[in-house]
Number of protein chains: 2
Amino acid sequence: MLGTFTYCNPTKLYFGEGSLKYLKEELPKYGSNVVLIYGGGSIKKNGIYDAVVEILKENGKCVAEIAGVMPNPTLAKLYEGVQIARDHQADFLLAVGGGSVCDYAKAVSVSAYCKEDPWEKYYLRFEEPDCPVIPVGCVLTMVGTGSEMNAGAVITNQETKQKIGHVFADERVMPRFSVLDPTYTLTLPHYQIVSGIYDIFNHICEQYFSGEDDNTSDYISEGLMRSLLHSSRIANKDPQNYEARSNIMWTATWALNTLVAKGKTTDWMVHMLGQAVGGYTDAAHGMTLSAVSLPYYRFLLPYGLPKFKRFAMNVWDVQPEGKTDRQIAEEGLAAMEAWMKELGLAMNLTQLGVTEDMIEGLADVTLVLPGGYNPPSREEIIRIFKESL
Amino acid sequence: MLGTFTYCNPTKLYFGEGSLKYLKEELPKYGSNVVLIYGGGSIKKNGIYDAVVEILKENGKCVAEIAGVMPNPTLAKLYEGVQIARDHQADFLLAVGGGSVCDYAKAVSVSAYCKEDPWEKYYLRFEEPDCPVIPVGCVLTMVGTGSEMNAGAVITNQETKQKIGHVFADERVMPRFSVLDPTYTLTLPHYQIVSGIYDIFNHICEQYFSGEDDNTSDYISEGLMRSLLHSSRIANKDPQNYEARSNIMWTATWALNTLVAKGKTTDWMVHMLGQAVGGYTDAAHGMTLSAVSLPYYRFLLPYGLPKFKRFAMNVWDVQPEGKTDRQIAEEGLAAMEAWMKELGLAMNLTQLGVTEDMIEGLADVTLVLPGGYNPPSREEIIRIFKESL
C-alpha cells in the first residue's frame, strides 16, 4: 500500500434470496417521483417487474419509466432518459436489470441537471458533476459488471463509435443501495452467465497486472480469483447451483468496487481493447474481453514477468520446481486459456463478427491508459487485434 | 454465500503518509463542540496531539478532553466519559489512538444519551441504541483491532471481571471517518507491533474457522492472511519498513470490518478465551489471544478438519502429497506455531501472569458463542486454559 488514497463506499447491499423485500425499507427515504429504468423487458417475463411495481405502488410512488436500455447504452438513449427524468422531476432512479441498466441509471443521475452536454463533460473531459445528482438504487438481475457498488458508467456514442467508461470520484454517483438476489440470475442463458464470469475475472486481472510492490490488494485479488474459478466451474456444469451462483454474484461486486485497486496502479487495457470492439459490434461485453485477452496478456507477460509468475502459482497452482520464471508464467496463462475454453467463452474476434478491415478503426478508438507494465503503441494494438482474429 | 445478509460500511478512510491533513475536510461537517479522546499520553510525545489540536483550533472547535483511556477501557472510565460528553454537549467525538481509544469513543457515543445503564443495555442485553448517537471520527495510531471501520466496542467491567465486546448493527456507531497513517505506527515497541499483528491474524481465523461451504469470504480471508504473513515477516525484522507496515495496517482494517464474515457463520472462541484473560490481567490483547490459540485450535481441529486442511494448504503452502487430511491439517498449525514463535508472541498464559488457581474464574467469565465447529463445554474450556499455562 505505497500510495496515499481514500476509500469510501457507502452503498448498502441487500444480499440473498428474497432480498427484494428490503426495497420497502429503502423507498421511504426518497421523494415520491421515481423513474423506473430497465432493459429489453425480460423482467416483465420473470415477474420481477410486477414485484417491483407492486412495492413502488405500496409506497405511494409516482412512477415514470425508461424502458429498452440496451446492452451497450447509447448516448442517444442517455439524452432520452435525461428528458424523462427532468420532465418527471425525478427524486429517485430505480434501475432494475444488469450492469448496463445500472450504468445507464448513474449516467442519467449525473446528466439530468447537467448544464453542459454530458458526453463532452463526463466522457471526453472526464469531469465530476457540479450539479444535483439524482440518487440511484439498483435491483440487480445479471452479474458481472460490479456496477451495483461503484460509481462507474459506460456509455456508447454510436456516431463516433466510442464506448467510454467514466468511474466518477464523487460518492454521490454510487448507488445508495443494491438488491442482490442470486435467484434472479438462475434463468440467464449460459452465454450470458459465462460472459459475466469472464467480465468479473478480467476486472480483477486489470487491477492485478500492474505494480511491483507486495500490495494487500493483490492478495485479496488472488482470493477473489480463486473463489471465482471454483464457483465458475460448478456453475458452468450446474447453472442452478445457488451456492456457486451466489458466490459469483458476491465476487462480482468486490471485483470492481474500488477495493482491489487501493494503493496500487492498474492496467485496464483488455477493457480498452474490448470496449473498442463493443463500439463496433453488439457482442456481449465479457466476450469482447475474452476474445482479446490471451494475445494481450502474452504481449504483456515479458514486461510484468514477476506478477505473471505469481499469478500462475497463487491463482492456478502452477508448481514452480525446475522451471524458469517465464515457463511458470506461461503455464499460468495456459491454465487460464484452458479454463476459458472450458467455460465456452469467445476465444477470438472473428466469432464476434470482427473482420480485418475493421482493425484500423478499432485501433483509432482504443484508449490507452497509463499504469500498465507496458502501455501498447498503436502498432502493438493493431498486432494484438490481428492476433485476436 | 448461503446466508441472506446486508452489508453497509460507510466509514471514509484516509490512508497513507500525511493523511491527517484530511481532518480539515471532515471537521466542518460537524458541530463546534468536540471531545478529544486519547490514551496514556504517547500522542503528546510524538507530536500527533499538537497536530490534531492545531487543526481543531483552525476549525474553530470548542474542545473538551477525555484523557487516559486505558488498554482495556473500563466501565468506570465509560461513565466518566459519558459525563464529560454530556457536560460538553458534544457534537463530535474525535478518538486519537489505538483500538481501545476507538472502541471507547464508540461506547461513549451510544451511551451519552442512553436513558438506561449502558452496561446493562449494551453489554449484558446486547441491545441497539435507541437514542441519539454522537458521531465519531478516528485518527489511528496503532494497528490491530479494526475498530477504525467497524461498529464494535469492547468494555471491561472491573467489578465483575467481565470484558465484553458488542458489535453494534446500527451503522451510526461506525466511525464517520478514520485517518490511517502508517508512519504513526513506526515508533511502536516491538511487543505492541507483534501483538497487533496476531490480533489481526486471529480476527481472520475467528471468521474463517466456521462453516462448510465454499464461501467467497473464506477466499478473501486466505488472501488477507497470506498478505499478513508476508508483511509481518518483513516488519518483524525491519520495523521501519513502510510498505510492510502499511500493508499490515490495511489488512487490519479489512480483517474486521464485517466483510470476511458475510454469508457465513463465525467462531470467535479464541477472543472469548482471551477476553476472559484480559478481564483478569493487563496483558496486551493480542498476547492473550496468542497464548490460548494453539491449545484451542488443536482442540477444534478434529471437528473442522476440512477447513484446517484447507488452511494448511492455502495459507501455509503445506504440500498434501502422501499425507492424511489430519497430518496436513496438523502441519498447518505447526507452521502457524513456528510463525508465532518467530514473531515473539506470548506462547502461554503463565508468561502473562495467569496461575492455575485463576482458571475456574476464567472459565466462569468465558462466553461461549454459537457458530463454531464445536462450541466448548465448561470442562473443555478449563482443559484449554490448563493446556495454555
# chains A, B, ... in the order shown; residues from 1 in each chain; ligands from 1
>>> closest_atom_pairs(of="chain B", to="chain A", cutoff="7 Å", atoms="only C-alpha atoms", output="CSV")
residue,atom,partner,partner_atom,distance
B:Met1,CA,A:Asn247,CA,5.4
B:Leu2,CA,A:Glu243,CA,5.9
B:Gly3,CA,A:Gly16,CA,6.6
B:Thr4,CA,A:Gly16,CA,4.4
B:Phe5,CA,A:Phe15,CA,5.3
B:Thr6,CA,A:Tyr14,CA,4.6
B:Tyr7,CA,A:Leu13,CA,5.0
B:Cys8,CA,A:Lys12,CA,4.5
B:Asn9,CA,A:Pro10,CA,5.9
B:Pro10,CA,A:Pro10,CA,4.1
B:Thr11,CA,A:Cys8,CA,6.4
B:Lys12,CA,A:Cys8,CA,4.5
B:Leu13,CA,A:Tyr7,CA,5.0
B:Tyr14,CA,A:Thr6,CA,4.6
B:Phe15,CA,A:Phe5,CA,5.3
B:Gly16,CA,A:Thr4,CA,4.3
B:Glu17,CA,A:Thr4,CA,6.6
B:Asn215,CA,A:Asn247,CA,6.4
B:Thr216,CA,A:Ser227,CA,5.5
B:Tyr219,CA,A:Gly223,CA,4.5
B:Ile220,CA,A:Gly223,CA,4.7
B:Glu222,CA,A:Gly223,CA,6.4
B:Gly223,CA,A:Tyr219,CA,4.6
B:Leu224,CA,A:Ile220,CA,6.1
B:Arg226,CA,A:Tyr219,CA,6.9
B:Ser227,CA,A:Thr216,CA,5.5
B:Glu243,CA,A:Leu2,CA,5.9
B:Ser246,CA,A:Met1,CA,5.7
B:Asn247,CA,A:Met1,CA,5.4
B:Thr251,CA,A:Thr216,CA,6.8
>>> write_last_selection(atoms="N, CA and C atoms", output="PDB file, in the first residue's frame")
ATOM      1  N   MET B   1     -21.870 -18.231  -0.240  1.00  0.00           N
ATOM      2  CA  MET B   1     -22.695 -17.162   0.330  1.00  0.00           C
ATOM      3  C   MET B   1     -24.097 -17.718   0.486  1.00  0.00           C
ATOM      4  N   LEU B   2     -24.265 -18.603   1.451  1.00  0.00           N
ATOM      5  CA  LEU B   2     -25.577 -19.230   1.575  1.00  0.00           C
ATOM      6  C   LEU B   2     -26.531 -18.399   2.413  1.00  0.00           C
ATOM      7  N   GLY B   3     -26.004 -17.504   3.214  1.00  0.00           N
ATOM      8  CA  GLY B   3     -26.892 -16.727   4.069  1.00  0.00           C
ATOM      9  C   GLY B   3     -27.461 -15.516   3.355  1.00  0.00           C
ATOM     10  N   THR B   4     -28.508 -14.948   3.932  1.00  0.00           N
ATOM     11  CA  THR B   4     -29.044 -13.683   3.480  1.00  0.00           C
ATOM     12  C   THR B   4     -28.522 -12.633   4.443  1.00  0.00           C
ATOM     13  N   PHE B   5     -28.009 -11.557   3.904  1.00  0.00           N
ATOM     14  CA  PHE B   5     -27.372 -10.576   4.786  1.00  0.00           C
ATOM     15  C   PHE B   5     -27.392  -9.191   4.154  1.00  0.00           C
ATOM     16  N   THR B   6     -27.091  -8.190   4.980  1.00  0.00           N
ATOM     17  CA  THR B   6     -26.874  -6.848   4.453  1.00  0.00           C
ATOM     18  C   THR B   6     -25.412  -6.477   4.689  1.00  0.00           C
ATOM     19  N   TYR B   7     -24.897  -5.650   3.828  1.00  0.00           N
ATOM     20  CA  TYR B   7     -23.552  -5.104   4.009  1.00  0.00           C
ATOM     21  C   TYR B   7     -23.633  -3.603   3.831  1.00  0.00           C
ATOM     22  N   CYS B   8     -23.152  -2.875   4.799  1.00  0.00           N
ATOM     23  CA  CYS B   8     -23.070  -1.424   4.645  1.00  0.00           C
ATOM     24  C   CYS B   8     -21.975  -0.926   5.546  1.00  0.00           C
ATOM     25  N   ASN B   9     -20.984  -0.331   4.976  1.00  0.00           N
ATOM     26  CA  ASN B   9     -19.878   0.180   5.763  1.00  0.00           C
ATOM     27  C   ASN B   9     -19.465   1.545   5.229  1.00  0.00           C
ATOM     28  N   PRO B  10     -20.110   2.588   5.721  1.00  0.00           N
ATOM     29  CA  PRO B  10     -19.901   3.915   5.132  1.00  0.00           C
ATOM     30  C   PRO B  10     -18.676   4.682   5.634  1.00  0.00           C
ATOM     31  N   THR B  11     -17.887   4.103   6.543  1.00  0.00           N
ATOM     32  CA  THR B  11     -16.720   4.830   7.061  1.00  0.00           C
ATOM     33  C   THR B  11     -15.798   5.254   5.916  1.00  0.00           C
ATOM     34  N   LYS B  12     -15.444   6.525   5.900  1.00  0.00           N
ATOM     35  CA  LYS B  12     -14.497   7.002   4.886  1.00  0.00           C
ATOM     36  C   LYS B  12     -13.087   6.867   5.445  1.00  0.00           C
ATOM     37  N   LEU B  13     -12.209   6.237   4.680  1.00  0.00           N
ATOM     38  CA  LEU B  13     -10.839   6.021   5.134  1.00  0.00           C
ATOM     39  C   LEU B  13      -9.884   6.936   4.382  1.00  0.00           C
ATOM     40  N   TYR B  14      -9.019   7.608   5.131  1.00  0.00           N
ATOM     41  CA  TYR B  14      -7.943   8.404   4.541  1.00  0.00           C
ATOM     42  C   TYR B  14      -6.655   7.673   4.866  1.00  0.00           C
ATOM     43  N   PHE B  15      -6.051   7.087   3.868  1.00  0.00           N
ATOM     44  CA  PHE B  15      -4.923   6.188   4.106  1.00  0.00           C
ATOM     45  C   PHE B  15      -3.624   6.747   3.543  1.00  0.00           C
ATOM     46  N   GLY B  16      -2.553   6.582   4.305  1.00  0.00           N
ATOM     47  CA  GLY B  16      -1.227   6.897   3.793  1.00  0.00           C
ATOM     48  C   GLY B  16      -0.532   7.992   4.583  1.00  0.00           C
ATOM     49  N   GLU B  17       0.737   8.115   4.306  1.00  0.00           N
ATOM     50  CA  GLU B  17       1.558   9.115   4.995  1.00  0.00           C
ATOM     51  C   GLU B  17       0.991  10.515   4.759  1.00  0.00           C
ATOM     52  N   ASN B 215     -17.509 -20.505   0.621  1.00  0.00           N
ATOM     53  CA  ASN B 215     -17.808 -19.092   0.710  1.00  0.00           C
ATOM     54  C   ASN B 215     -16.678 -18.199   0.178  1.00  0.00           C
ATOM     55  N   THR B 216     -17.048 -17.237  -0.643  1.00  0.00           N
ATOM     56  CA  THR B 216     -16.073 -16.271  -1.145  1.00  0.00           C
ATOM     57  C   THR B 216     -15.342 -15.585   0.007  1.00  0.00           C
ATOM     58  N   TYR B 219     -12.170 -17.245   0.875  1.00  0.00           N
ATOM     59  CA  TYR B 219     -11.091 -16.992  -0.088  1.00  0.00           C
ATOM     60  C   TYR B 219     -10.471 -15.609   0.138  1.00  0.00           C
ATOM     61  N   ILE B 220     -11.317 -14.631   0.442  1.00  0.00           N
ATOM     62  CA  ILE B 220     -10.775 -13.302   0.759  1.00  0.00           C
ATOM     63  C   ILE B 220      -9.921 -13.396   2.021  1.00  0.00           C
ATOM     64  N   GLU B 222      -8.231 -15.929   3.095  1.00  0.00           N
ATOM     65  CA  GLU B 222      -6.930 -16.533   2.778  1.00  0.00           C
ATOM     66  C   GLU B 222      -5.986 -15.512   2.162  1.00  0.00           C
ATOM     67  N   GLY B 223      -6.518 -14.668   1.296  1.00  0.00           N
ATOM     68  CA  GLY B 223      -5.694 -13.615   0.718  1.00  0.00           C
ATOM     69  C   GLY B 223      -5.163 -12.665   1.785  1.00  0.00           C
ATOM     70  N   LEU B 224      -6.038 -12.259   2.691  1.00  0.00           N
ATOM     71  CA  LEU B 224      -5.612 -11.351   3.763  1.00  0.00           C
ATOM     72  C   LEU B 224      -4.571 -12.018   4.659  1.00  0.00           C
ATOM     73  N   ARG B 226      -2.440 -14.407   3.855  1.00  0.00           N
ATOM     74  CA  ARG B 226      -1.169 -14.519   3.118  1.00  0.00           C
ATOM     75  C   ARG B 226      -0.449 -13.170   3.066  1.00  0.00           C
ATOM     76  N   SER B 227      -1.209 -12.123   2.866  1.00  0.00           N
ATOM     77  CA  SER B 227      -0.603 -10.791   2.861  1.00  0.00           C
ATOM     78  C   SER B 227       0.006 -10.487   4.222  1.00  0.00           C
ATOM     79  N   GLU B 243       6.387   0.005   3.647  1.00  0.00           N
ATOM     80  CA  GLU B 243       5.488  -0.786   2.802  1.00  0.00           C
ATOM     81  C   GLU B 243       4.850  -1.921   3.607  1.00  0.00           C
ATOM     82  N   SER B 246       2.399  -0.558   6.124  1.00  0.00           N
ATOM     83  CA  SER B 246       1.159  -0.042   5.530  1.00  0.00           C
ATOM     84  C   SER B 246       0.254  -1.194   5.095  1.00  0.00           C
ATOM     85  N   ASN B 247       0.841  -2.263   4.571  1.00  0.00           N
ATOM     86  CA  ASN B 247       0.020  -3.423   4.222  1.00  0.00           C
ATOM     87  C   ASN B 247      -0.615  -4.042   5.469  1.00  0.00           C
ATOM     88  N   THR B 251      -4.589  -4.417   6.046  1.00  0.00           N
ATOM     89  CA  THR B 251      -5.124  -5.759   6.317  1.00  0.00           C
ATOM     90  C   THR B 251      -5.931  -5.753   7.612  1.00  0.00           C
TER      91      THR B 251
END
>>> closest_atom_pairs(of="segment 114-139 of chain B", to="segment 68-75 of chain B", cutoff="12 Å", atoms="only C-alpha atoms", output="CSV")
residue,atom,partner,partner_atom,distance
B:Asp117,CA,B:Leu75,CA,10.6
B:Pro118,CA,B:Leu75,CA,9.1
B:Trp119,CA,B:Leu75,CA,7.4
B:Glu120,CA,B:Leu75,CA,11.0
B:Tyr122,CA,B:Leu75,CA,11.7
B:Tyr123,CA,B:Leu75,CA,10.3
>>> write_last_selection(atoms="all heavy atoms", output="PDB file, in the first residue's frame")
ATOM      1  N   ASP B 117     -28.741   2.176  32.012  1.00  0.00           N
ATOM      2  CA  ASP B 117     -27.325   1.917  32.262  1.00  0.00           C
ATOM      3  C   ASP B 117     -26.727   1.255  31.023  1.00  0.00           C
ATOM      4  O   ASP B 117     -27.209   0.202  30.585  1.00  0.00           O
ATOM      5  CB  ASP B 117     -27.167   0.984  33.467  1.00  0.00           C
ATOM      6  CG  ASP B 117     -25.710   0.646  33.688  1.00  0.00           C
ATOM      7  OD1 ASP B 117     -24.903   1.572  33.876  1.00  0.00           O
ATOM      8  OD2 ASP B 117     -25.361  -0.548  33.617  1.00  0.00           O
ATOM      9  N   PRO B 118     -25.704   1.852  30.415  1.00  0.00           N
ATOM     10  CA  PRO B 118     -25.179   1.295  29.155  1.00  0.00           C
ATOM     11  C   PRO B 118     -24.617  -0.121  29.315  1.00  0.00           C
ATOM     12  O   PRO B 118     -24.673  -0.914  28.375  1.00  0.00           O
ATOM     13  CB  PRO B 118     -24.100   2.290  28.728  1.00  0.00           C
ATOM     14  CG  PRO B 118     -23.815   3.139  29.908  1.00  0.00           C
ATOM     15  CD  PRO B 118     -25.036   3.123  30.774  1.00  0.00           C
ATOM     16  N   TRP B 119     -24.048  -0.414  30.463  1.00  0.00           N
ATOM     17  CA  TRP B 119     -23.529  -1.776  30.661  1.00  0.00           C
ATOM     18  C   TRP B 119     -24.661  -2.790  30.553  1.00  0.00           C
ATOM     19  O   TRP B 119     -24.546  -3.782  29.840  1.00  0.00           O
ATOM     20  CB  TRP B 119     -22.813  -1.893  32.016  1.00  0.00           C
ATOM     21  CG  TRP B 119     -22.292  -3.257  32.291  1.00  0.00           C
ATOM     22  CD1 TRP B 119     -22.835  -4.209  33.125  1.00  0.00           C
ATOM     23  CD2 TRP B 119     -21.138  -3.880  31.696  1.00  0.00           C
ATOM     24  NE1 TRP B 119     -22.096  -5.360  33.100  1.00  0.00           N
ATOM     25  CE2 TRP B 119     -21.037  -5.186  32.222  1.00  0.00           C
ATOM     26  CE3 TRP B 119     -20.179  -3.449  30.767  1.00  0.00           C
ATOM     27  CZ2 TRP B 119     -20.014  -6.062  31.861  1.00  0.00           C
ATOM     28  CZ3 TRP B 119     -19.164  -4.332  30.400  1.00  0.00           C
ATOM     29  CH2 TRP B 119     -19.092  -5.618  30.940  1.00  0.00           C
ATOM     30  N   GLU B 120     -25.752  -2.511  31.251  1.00  0.00           N
ATOM     31  CA  GLU B 120     -26.912  -3.415  31.223  1.00  0.00           C
ATOM     32  C   GLU B 120     -27.450  -3.545  29.790  1.00  0.00           C
ATOM     33  O   GLU B 120     -27.697  -4.638  29.295  1.00  0.00           O
ATOM     34  CB  GLU B 120     -28.037  -2.860  32.097  1.00  0.00           C
ATOM     35  CG  GLU B 120     -27.704  -2.737  33.568  1.00  0.00           C
ATOM     36  CD  GLU B 120     -28.044  -4.004  34.328  1.00  0.00           C
ATOM     37  OE1 GLU B 120     -28.807  -4.811  33.798  1.00  0.00           O
ATOM     38  OE2 GLU B 120     -27.505  -4.178  35.446  1.00  0.00           O
ATOM     39  N   TYR B 122     -26.211  -2.486  26.676  1.00  0.00           N
ATOM     40  CA  TYR B 122     -25.393  -2.845  25.513  1.00  0.00           C
ATOM     41  C   TYR B 122     -24.532  -4.088  25.734  1.00  0.00           C
ATOM     42  O   TYR B 122     -24.213  -4.796  24.783  1.00  0.00           O
ATOM     43  CB  TYR B 122     -24.481  -1.674  25.121  1.00  0.00           C
ATOM     44  CG  TYR B 122     -25.222  -0.421  24.738  1.00  0.00           C
ATOM     45  CD1 TYR B 122     -24.859   0.816  25.263  1.00  0.00           C
ATOM     46  CD2 TYR B 122     -26.289  -0.464  23.838  1.00  0.00           C
ATOM     47  CE1 TYR B 122     -25.526   1.978  24.909  1.00  0.00           C
ATOM     48  CE2 TYR B 122     -26.969   0.692  23.484  1.00  0.00           C
ATOM     49  CZ  TYR B 122     -26.580   1.912  24.020  1.00  0.00           C
ATOM     50  OH  TYR B 122     -27.248   3.049  23.667  1.00  0.00           O
ATOM     51  N   TYR B 123     -24.107  -4.316  26.968  1.00  0.00           N
ATOM     52  CA  TYR B 123     -23.123  -5.381  27.191  1.00  0.00           C
ATOM     53  C   TYR B 123     -23.694  -6.616  27.875  1.00  0.00           C
ATOM     54  O   TYR B 123     -23.089  -7.675  27.838  1.00  0.00           O
ATOM     55  CB  TYR B 123     -21.908  -4.811  27.945  1.00  0.00           C
ATOM     56  CG  TYR B 123     -21.169  -3.837  27.070  1.00  0.00           C
ATOM     57  CD1 TYR B 123     -21.436  -2.481  27.099  1.00  0.00           C
ATOM     58  CD2 TYR B 123     -20.246  -4.298  26.126  1.00  0.00           C
ATOM     59  CE1 TYR B 123     -20.802  -1.595  26.249  1.00  0.00           C
ATOM     60  CE2 TYR B 123     -19.598  -3.427  25.278  1.00  0.00           C
ATOM     61  CZ  TYR B 123     -19.875  -2.078  25.337  1.00  0.00           C
ATOM     62  OH  TYR B 123     -19.247  -1.215  24.481  1.00  0.00           O
TER      63      TYR B 123
END
>>> closest_atom_pairs(of="segment 193-221 of chain B", to="segment 364-386 of chain B", cutoff="12 Å", atoms="only C-alpha atoms", output="CSV")
residue,atom,partner,partner_atom,distance
B:Cys205,CA,B:Gly372,CA,11.3
B:Glu206,CA,B:Gly372,CA,8.8
B:Gln207,CA,B:Gly372,CA,9.3
B:Tyr208,CA,B:Gly372,CA,9.8
B:Phe209,CA,B:Gly372,CA,7.2
B:Ser210,CA,B:Gly372,CA,5.2
B:Gly211,CA,B:Tyr373,CA,7.6
B:Glu212,CA,B:Tyr373,CA,9.4
>>> residues_around(residues="segment 332-340 of chain B", least_positions_apart="4", cutoff="10 Å", atoms="only C-alpha atoms", output="VMD selection string")
chain B and resid 194 197 to 198 229 232 to 233 290 293 to 294 297 to 298 301 308 to 319 326 to 328 344 to 347
>>> residues_around(residues="segment 143-160 of chain A", least_positions_apart="5", cutoff="8 Å", atoms="only C-alpha atoms", output="tab-separated table (two decimals) with N, CA and C atoms, in the first residue's frame")
chain	number	residue	atom	x	y	z
A	9	ASN	N	-17.14	3.67	0.40
A	9	ASN	CA	-18.14	3.01	-0.43
A	9	ASN	C	-19.41	2.77	0.36
A	11	THR	N	-22.54	2.33	-0.43
A	11	THR	CA	-23.69	1.57	-0.95
A	11	THR	C	-24.11	0.46	0.02
A	72	ASN	N	-25.29	-2.11	-24.58
A	72	ASN	CA	-24.31	-1.03	-24.55
A	72	ASN	C	-25.07	0.29	-24.65
A	73	PRO	N	-25.48	0.86	-23.50
A	73	PRO	CA	-26.37	2.02	-23.54
A	73	PRO	C	-25.77	3.16	-24.37
A	74	THR	N	-26.59	3.71	-25.25
A	74	THR	CA	-26.10	4.71	-26.19
A	74	THR	C	-26.29	6.12	-25.65
A	75	LEU	N	-25.53	7.02	-26.24
A	75	LEU	CA	-25.66	8.42	-25.88
A	75	LEU	C	-27.05	8.94	-26.24
A	76	ALA	N	-27.60	8.48	-27.38
A	76	ALA	CA	-28.95	8.91	-27.76
A	76	ALA	C	-29.96	8.49	-26.70
A	98	GLY	N	-29.27	-5.49	-15.39
A	98	GLY	CA	-27.87	-5.83	-15.25
A	98	GLY	C	-27.00	-4.58	-15.20
A	99	GLY	N	-25.72	-4.78	-15.48
A	99	GLY	CA	-24.78	-3.67	-15.37
A	99	GLY	C	-25.09	-2.53	-16.31
A	100	SER	N	-25.60	-2.84	-17.49
A	100	SER	CA	-25.89	-1.76	-18.44
A	100	SER	C	-26.98	-0.85	-17.90
A	102	CYS	N	-27.78	-0.43	-14.70
A	102	CYS	CA	-27.22	0.33	-13.56
A	102	CYS	C	-26.34	1.46	-14.06
A	103	ASP	N	-25.45	1.15	-15.00
A	103	ASP	CA	-24.57	2.18	-15.57
A	103	ASP	C	-25.39	3.33	-16.15
A	104	TYR	N	-26.40	2.95	-16.90
A	104	TYR	CA	-27.25	3.94	-17.55
A	104	TYR	C	-27.94	4.84	-16.53
A	106	LYS	N	-26.93	5.58	-13.56
A	106	LYS	CA	-25.95	6.51	-12.98
A	106	LYS	C	-25.64	7.65	-13.96
A	107	ALA	N	-25.55	7.29	-15.25
A	107	ALA	CA	-25.29	8.33	-16.26
A	107	ALA	C	-26.43	9.34	-16.28
A	138	CYS	N	-30.46	0.08	-7.07
A	138	CYS	CA	-30.39	-0.97	-8.09
A	138	CYS	C	-31.04	-2.26	-7.59
A	165	GLY	N	-16.01	4.52	-20.59
A	165	GLY	CA	-16.45	4.40	-19.21
A	165	GLY	C	-15.85	5.51	-18.37
A	166	HIS	N	-16.66	6.07	-17.49
A	166	HIS	CA	-16.14	7.04	-16.54
A	166	HIS	C	-16.43	6.52	-15.14
A	167	VAL	N	-15.36	6.34	-14.36
A	167	VAL	CA	-15.54	5.98	-12.96
A	167	VAL	C	-15.47	7.29	-12.17
A	168	PHE	N	-16.61	7.74	-11.72
A	168	PHE	CA	-16.67	9.02	-11.02
A	168	PHE	C	-16.02	8.90	-9.64
A	169	ALA	N	-15.40	9.99	-9.21
A	169	ALA	CA	-14.83	10.02	-7.86
A	169	ALA	C	-15.89	10.44	-6.84
A	170	ASP	N	-16.91	11.13	-7.32
A	170	ASP	CA	-17.95	11.66	-6.44
A	170	ASP	C	-18.80	10.51	-5.89
A	171	GLU	N	-18.80	10.37	-4.55
A	171	GLU	CA	-19.53	9.25	-3.95
A	171	GLU	C	-21.04	9.33	-4.16
A	173	VAL	N	-22.45	9.43	-6.82
A	173	VAL	CA	-22.80	8.67	-8.02
A	173	VAL	C	-22.98	7.18	-7.70
A	174	MET	N	-22.47	6.73	-6.56
A	174	MET	CA	-22.66	5.32	-6.19
A	174	MET	C	-24.12	5.05	-5.87
A	175	PRO	N	-24.59	3.87	-6.22
A	175	PRO	CA	-25.96	3.53	-5.81
A	175	PRO	C	-26.11	3.67	-4.29
A	177	PHE	N	-28.30	2.01	-2.60
A	177	PHE	CA	-28.45	0.61	-2.17
A	177	PHE	C	-28.54	-0.26	-3.42
A	178	SER	N	-28.25	-1.54	-3.25
A	178	SER	CA	-28.45	-2.50	-4.32
A	178	SER	C	-29.01	-3.78	-3.72
A	185	THR	N	-30.61	-14.58	-11.14
A	185	THR	CA	-29.64	-14.86	-12.21
A	185	THR	C	-29.73	-16.31	-12.68
A	193	ILE	N	-24.20	-16.01	-18.69
A	193	ILE	CA	-23.56	-16.39	-17.42
A	193	ILE	C	-22.04	-16.36	-17.57
A	195	SER	N	-20.23	-15.09	-19.94
A	195	SER	CA	-19.74	-13.76	-20.32
A	195	SER	C	-19.57	-12.90	-19.07
A	196	GLY	N	-20.53	-12.98	-18.17
A	196	GLY	CA	-20.43	-12.24	-16.90
A	196	GLY	C	-19.27	-12.73	-16.06
A	197	ILE	N	-19.09	-14.05	-16.01
A	197	ILE	CA	-17.99	-14.61	-15.22
A	197	ILE	C	-16.65	-14.09	-15.74
A	198	TYR	N	-16.50	-14.05	-17.06
A	198	TYR	CA	-15.22	-13.58	-17.57
A	198	TYR	C	-15.04	-12.08	-17.34
A	199	ASP	N	-16.12	-11.34	-17.40
A	199	ASP	CA	-16.04	-9.92	-17.10
A	199	ASP	C	-15.51	-9.72	-15.67
A	200	ILE	N	-16.05	-10.48	-14.73
A	200	ILE	CA	-15.60	-10.41	-13.33
A	200	ILE	C	-14.11	-10.73	-13.24
A	248	ILE	N	-20.48	-16.24	-7.00
A	248	ILE	CA	-20.11	-15.47	-8.20
A	248	ILE	C	-20.66	-14.05	-8.11
A	249	MET	N	-21.90	-13.93	-7.66
A	249	MET	CA	-22.52	-12.60	-7.56
A	249	MET	C	-21.76	-11.71	-6.57
A	252	ALA	N	-18.36	-10.69	-7.94
A	252	ALA	CA	-18.50	-9.64	-8.95
A	252	ALA	C	-18.53	-8.26	-8.31
A	253	THR	N	-19.25	-8.15	-7.20
A	253	THR	CA	-19.37	-6.86	-6.53
A	253	THR	C	-18.01	-6.38	-6.02
A	254	TRP	N	-17.26	-7.31	-5.41
A	254	TRP	CA	-15.98	-6.92	-4.80
A	254	TRP	C	-14.85	-6.83	-5.80
A	255	ALA	N	-15.07	-7.37	-6.99
A	255	ALA	CA	-14.05	-7.28	-8.03
A	255	ALA	C	-13.96	-5.86	-8.59
A	256	LEU	N	-15.01	-5.08	-8.42
A	256	LEU	CA	-14.98	-3.76	-9.06
A	256	LEU	C	-15.71	-2.71	-8.23
A	257	ASN	N	-15.38	-2.68	-6.95
A	257	ASN	CA	-15.96	-1.60	-6.13
A	257	ASN	C	-14.84	-0.74	-5.53
A	258	THR	N	-13.72	-0.72	-6.18
A	258	THR	CA	-12.51	0.06	-5.88
A	258	THR	C	-11.56	-0.62	-4.88
A	279	GLY	N	-17.92	-0.96	-29.33
A	279	GLY	CA	-18.42	0.18	-30.09
A	279	GLY	C	-18.74	-0.19	-31.53
